[in-house]
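J.: To start, I am sharing the structure in question, which I have written as structure tokens.
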Amino acid sequence: MAIIFPGAAHILSGHWKTGAVWFLGCLIVPDFCLFILCLPNSSSFATIIAAYLLIVVYVVALLMSSYRPTRYLGCSGWIIFTFLAIGGWFAISPAVHFSKDLVMTHFGVIVVYTGTSMSPTLSLHDATVASRFVYRSSNPCRGDVIIVPLLKKDGSTITAFKRVVGLPGETIAIRPPYVLINGTELLEPPFFAKMSSGKEGYSGYVTAKDTELEGIELPITLGPDEYFVLGDNSPESGDSRHFGPVPRANIHGKVMRIVFPPWRIREL
């Protein structure tokens, strides 16, 4: 019952205020953990473990505190209370959704990666934290892994993970395995040197002609509000080589770190 309706045992035993605190805590704790994970300067492994422990401690404390004497309800009483609890959830669901939307709009969201375009940086089903808070006071930087919405041929939209390569006003070209920025090979930040080296599973950058998708003509000069984004698995990625630069307004967040599975926890 504590899982269906946190604080139920307290309410049944007459402790309405305590029950309300447990119930509100069930709504606030996950959002608070997501907020902590989205802080740009937080320590990766320690922060994630602390967030996990906070949730575990809260759930364990909730379940332990639920074992308390309550009034005898009988079978029919429990059935009625269960339906009332479920009805209560439906009644407050707008507030719950508003809470989640508020956090996801202003701070961040957990996004699970699917696909191969960012391999080996990201693996299938990696759970990541994408922060929207970061770009409210600054613009994307070269090397950031971002999430952008892409329109599929059937009209639906998917969330894509890409890396920022070109910044507004720059001229972008590709001379495998390098990206050229204003005619100079891109080697900074250090990731791009690793990418172009072909080591550690990275392939280096290839032109659109080397992929199975139609591409735009390079070199291209970006507008004042445009970014050139590429996937780390260049031969299999659909990115700005194919659909062109991404407007600043279409960048929905920065992918901060992998948070699950535990053996892949790290910053991006």
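Residues in the structure tokens are named by chain (A, B, ... in the order shown) and by number from 1 within that chain; ligands are numbered from 1 in the order shown.
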Would you write out, as a Markdown table, a table of all residues in range 106-167 of chain A that have an atom no more than 12 Å from an atom of range 172-177 of chain A, listing for each the closest atom pair and the distance in Å to one decimal, considering only C-alpha atoms and ordering rows by chain and rising residue number?
T.:
| residue | atom | partner | partner_atom | distance |
| --- | --- | --- | --- | --- |
| A:Val164 | CA | A:Ile172 | CA | 11.9 |
| A:Val165 | CA | A:Ile172 | CA | 8.7 |
| A:Gly166 | CA | A:Ile172 | CA | 6.5 |
| A:Leu167 | CA | A:Ile172 | CA | 9.1 |
J.: Would you list, as a VMD selection string, the residues of range 122-205 of chain A that end up in helix (DSSP H, G or I) under DSSP run on this structure's backbone?
T.: chain A and resid 134 to 136 191 to 197
J.: Go ahead and dump the residues you just picked, N, CA and C atoms, as a compact mmCIF listing (two decimals), in the first residue's frame.
T.:
# COMPACT_ATOMS: atom_id res chain seq x y z
N VAL A 134 21.87 24.20 -18.66
CA VAL A 134 23.18 24.69 -19.08
C VAL A 134 23.07 25.76 -20.15
N TYR A 135 22.21 25.52 -21.15
CA TYR A 135 22.14 26.43 -22.29
C TYR A 135 21.20 27.61 -22.07
N ARG A 136 20.71 27.79 -20.86
CA ARG A 136 19.90 28.98 -20.58
C ARG A 136 20.78 30.20 -20.34
N PHE A 191 39.08 15.38 -27.88
CA PHE A 191 38.26 14.30 -28.43
C PHE A 191 38.41 14.21 -29.94
N PHE A 192 38.51 15.35 -30.61
CA PHE A 192 38.54 15.33 -32.07
C PHE A 192 39.84 14.73 -32.61
N ALA A 193 40.92 14.90 -31.86
CA ALA A 193 42.17 14.24 -32.25
C ALA A 193 42.02 12.74 -32.13
N LYS A 194 41.37 12.28 -31.04
CA LYS A 194 41.12 10.84 -30.86
C LYS A 194 40.19 10.31 -31.94
N MET A 195 39.16 11.08 -32.25
CA MET A 195 38.21 10.68 -33.28
C MET A 195 38.91 10.50 -34.63
N SER A 196 39.77 11.45 -34.97
CA SER A 196 40.44 11.41 -36.27
C SER A 196 41.56 10.39 -36.33
N SER A 197 42.03 9.93 -35.18
CA SER A 197 43.14 8.97 -35.15
C SER A 197 42.68 7.57 -35.54
J.: Kindly give the distance, in Å, that separates CA of Leu84 in chain A and CA of Phe32 in chain A, rounded to a single decimal.
T.: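 Those two atoms sit 27.8 Å apart.
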J.: Range 68-256 of chain A: which residues are strand (DSSP E or B) by DSSP, as a PDB file with C-alpha atoms, in the first residue's frame?
T.:
ATOM      1  CA  GLY A 108      16.821  18.224 -17.431  1.00  0.00           C
ATOM      2  CA  VAL A 109      15.547  14.806 -18.298  1.00  0.00           C
ATOM      3  CA  ILE A 110      16.703  11.199 -18.347  1.00  0.00           C
ATOM      4  CA  VAL A 111      17.124  10.102 -21.982  1.00  0.00           C
ATOM      5  CA  VAL A 112      17.882   6.524 -23.040  1.00  0.00           C
ATOM      6  CA  ALA A 127      20.683   6.026 -19.781  1.00  0.00           C
ATOM      7  CA  THR A 128      21.908   9.612 -19.887  1.00  0.00           C
ATOM      8  CA  VAL A 129      21.068  12.904 -18.202  1.00  0.00           C
ATOM      9  CA  ALA A 130      20.401  15.766 -20.598  1.00  0.00           C
ATOM     10  CA  SER A 131      20.431  19.229 -19.015  1.00  0.00           C
ATOM     11  CA  VAL A 145      27.003  16.120 -26.992  1.00  0.00           C
ATOM     12  CA  ILE A 146      23.511  17.495 -27.509  1.00  0.00           C
ATOM     13  CA  ILE A 147      19.975  16.266 -28.116  1.00  0.00           C
ATOM     14  CA  VAL A 148      18.069  17.522 -31.143  1.00  0.00           C
ATOM     15  CA  PRO A 149      14.677  16.543 -32.572  1.00  0.00           C
ATOM     16  CA  LEU A 150      14.823  15.004 -36.042  1.00  0.00           C
ATOM     17  CA  LEU A 151      11.861  14.626 -38.366  1.00  0.00           C
ATOM     18  CA  THR A 157       9.936  13.085 -34.483  1.00  0.00           C
ATOM     19  CA  ILE A 158      12.807  11.275 -32.785  1.00  0.00           C
ATOM     20  CA  THR A 159      15.330  12.514 -30.214  1.00  0.00           C
ATOM     21  CA  ALA A 160      18.825  12.302 -31.688  1.00  0.00           C
ATOM     22  CA  PHE A 161      22.212  12.509 -29.980  1.00  0.00           C
ATOM     23  CA  LYS A 162      24.878  14.453 -31.891  1.00  0.00           C
ATOM     24  CA  ARG A 163      28.175  16.229 -31.175  1.00  0.00           C
ATOM     25  CA  VAL A 164      28.658  19.932 -31.843  1.00  0.00           C
ATOM     26  CA  VAL A 165      31.471  20.384 -34.367  1.00  0.00           C
ATOM     27  CA  GLY A 166      30.935  23.697 -36.134  1.00  0.00           C
ATOM     28  CA  THR A 171      33.176  27.328 -42.623  1.00  0.00           C
ATOM     29  CA  ILE A 172      32.967  23.532 -42.352  1.00  0.00           C
ATOM     30  CA  ALA A 173      34.478  20.920 -44.649  1.00  0.00           C
ATOM     31  CA  ILE A 174      35.466  17.264 -44.317  1.00  0.00           C
ATOM     32  CA  ARG A 175      38.730  15.756 -45.551  1.00  0.00           C
ATOM     33  CA  TYR A 178      39.440  15.182 -40.383  1.00  0.00           C
ATOM     34  CA  VAL A 179      36.868  17.918 -40.104  1.00  0.00           C
ATOM     35  CA  LEU A 180      38.189  21.247 -41.350  1.00  0.00           C
ATOM     36  CA  ILE A 181      37.202  24.445 -39.549  1.00  0.00           C
ATOM     37  CA  THR A 184      42.272  23.972 -40.496  1.00  0.00           C
ATOM     38  CA  GLU A 185      42.130  20.384 -39.227  1.00  0.00           C
ATOM     39  CA  ILE A 220      29.391  25.247 -45.940  1.00  0.00           C
ATOM     40  CA  THR A 221      29.471  28.512 -43.998  1.00  0.00           C
ATOM     41  CA  GLU A 226      23.520  27.689 -36.770  1.00  0.00           C
ATOM     42  CA  TYR A 227      25.562  24.715 -35.552  1.00  0.00           C
ATOM     43  CA  PHE A 228      27.106  21.852 -37.504  1.00  0.00           C
ATOM     44  CA  VAL A 229      26.600  18.544 -35.670  1.00  0.00           C
ATOM     45  CA  LEU A 230      28.031  15.102 -36.395  1.00  0.00           C
ATOM     46  CA  VAL A 246      20.930  22.844 -36.787  1.00  0.00           C
ATOM     47  CA  PRO A 247      19.337  26.126 -35.620  1.00  0.00           C
ATOM     48  CA  GLY A 253      19.826  20.187 -24.115  1.00  0.00           C
ATOM     49  CA  LYS A 254      23.362  19.065 -23.363  1.00  0.00           C
ATOM     50  CA  VAL A 255      23.977  15.403 -22.528  1.00  0.00           C
ATOM     51  CA  MET A 256      25.931  15.636 -19.297  1.00  0.00           C
TER      52      MET A 256
END
J.: I'd like the contact shell of range 118-125 of chain A - 8 Å cut-off, only C-alpha atoms, skipping same-chain residues fewer than 4 positions apart - returned as a compact mmCIF listing (two decimals) with N, CA and C atoms, in the first residue's frame.
T.:
# COMPACT_ATOMS: atom_id res chain seq x y z
N VAL A 112 17.23 7.80 -22.73
CA VAL A 112 17.88 6.52 -23.04
C VAL A 112 18.31 6.54 -24.50
N TYR A 113 19.57 6.22 -24.73
CA TYR A 113 20.12 6.25 -26.08
C TYR A 113 19.78 4.98 -26.83
N THR A 114 19.31 5.14 -28.06
CA THR A 114 19.08 4.01 -28.95
C THR A 114 19.71 4.34 -30.30
N PHE A 161 21.00 12.09 -30.68
CA PHE A 161 22.21 12.51 -29.98
C PHE A 161 23.28 12.85 -31.02
N LYS A 162 23.83 14.05 -30.96
CA LYS A 162 24.88 14.45 -31.89
C LYS A 162 25.93 15.27 -31.15
N GLY A 201 38.21 2.47 -31.27
CA GLY A 201 36.92 2.20 -31.88
C GLY A 201 36.36 3.33 -32.71
N TYR A 202 37.03 4.49 -32.75
CA TYR A 202 36.55 5.62 -33.54
C TYR A 202 37.02 5.48 -34.98
N GLY A 231 27.72 12.77 -35.83
CA GLY A 231 27.76 11.61 -34.95
C GLY A 231 29.18 11.08 -34.83
N ASP A 232 29.48 10.43 -33.71
CA ASP A 232 30.83 9.89 -33.50
C ASP A 232 31.09 8.65 -34.34
N ASN A 233 30.04 7.97 -34.75
CA ASN A 233 30.17 6.82 -35.65
C ASN A 233 29.89 7.33 -37.04
N SER A 237 26.15 7.53 -39.32
CA SER A 237 25.39 8.59 -38.68
C SER A 237 24.69 9.47 -39.70
J.: I'd like to know which of A:Ile48, A:Ile79, A:Ala20, A:Leu63 is closest to Pro261 in chain A, using only C-alpha atoms.
T.: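 With only C-alpha atoms as the atom set, the closest residue is A:Ile48.
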J.: Calculated over only C-alpha atoms, which of the candidates A:Ser13, A:Leu34, A:Val56, A:Val29 has the smallest distance to Arg132 in chain A?
T.: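 The shortest atom-to-atom distance to Arg132 in chain A comes from A:Leu34.
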J.: From the set A:Arg142, A:Lys209, A:Arg264, A:Arg257, which residue has the shortest atom-to-atom contact distance to Arg241 in chain A, counting only C-alpha atoms?
T.: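 Of all the options, A:Lys209 lies closest to Arg241 in chain A.
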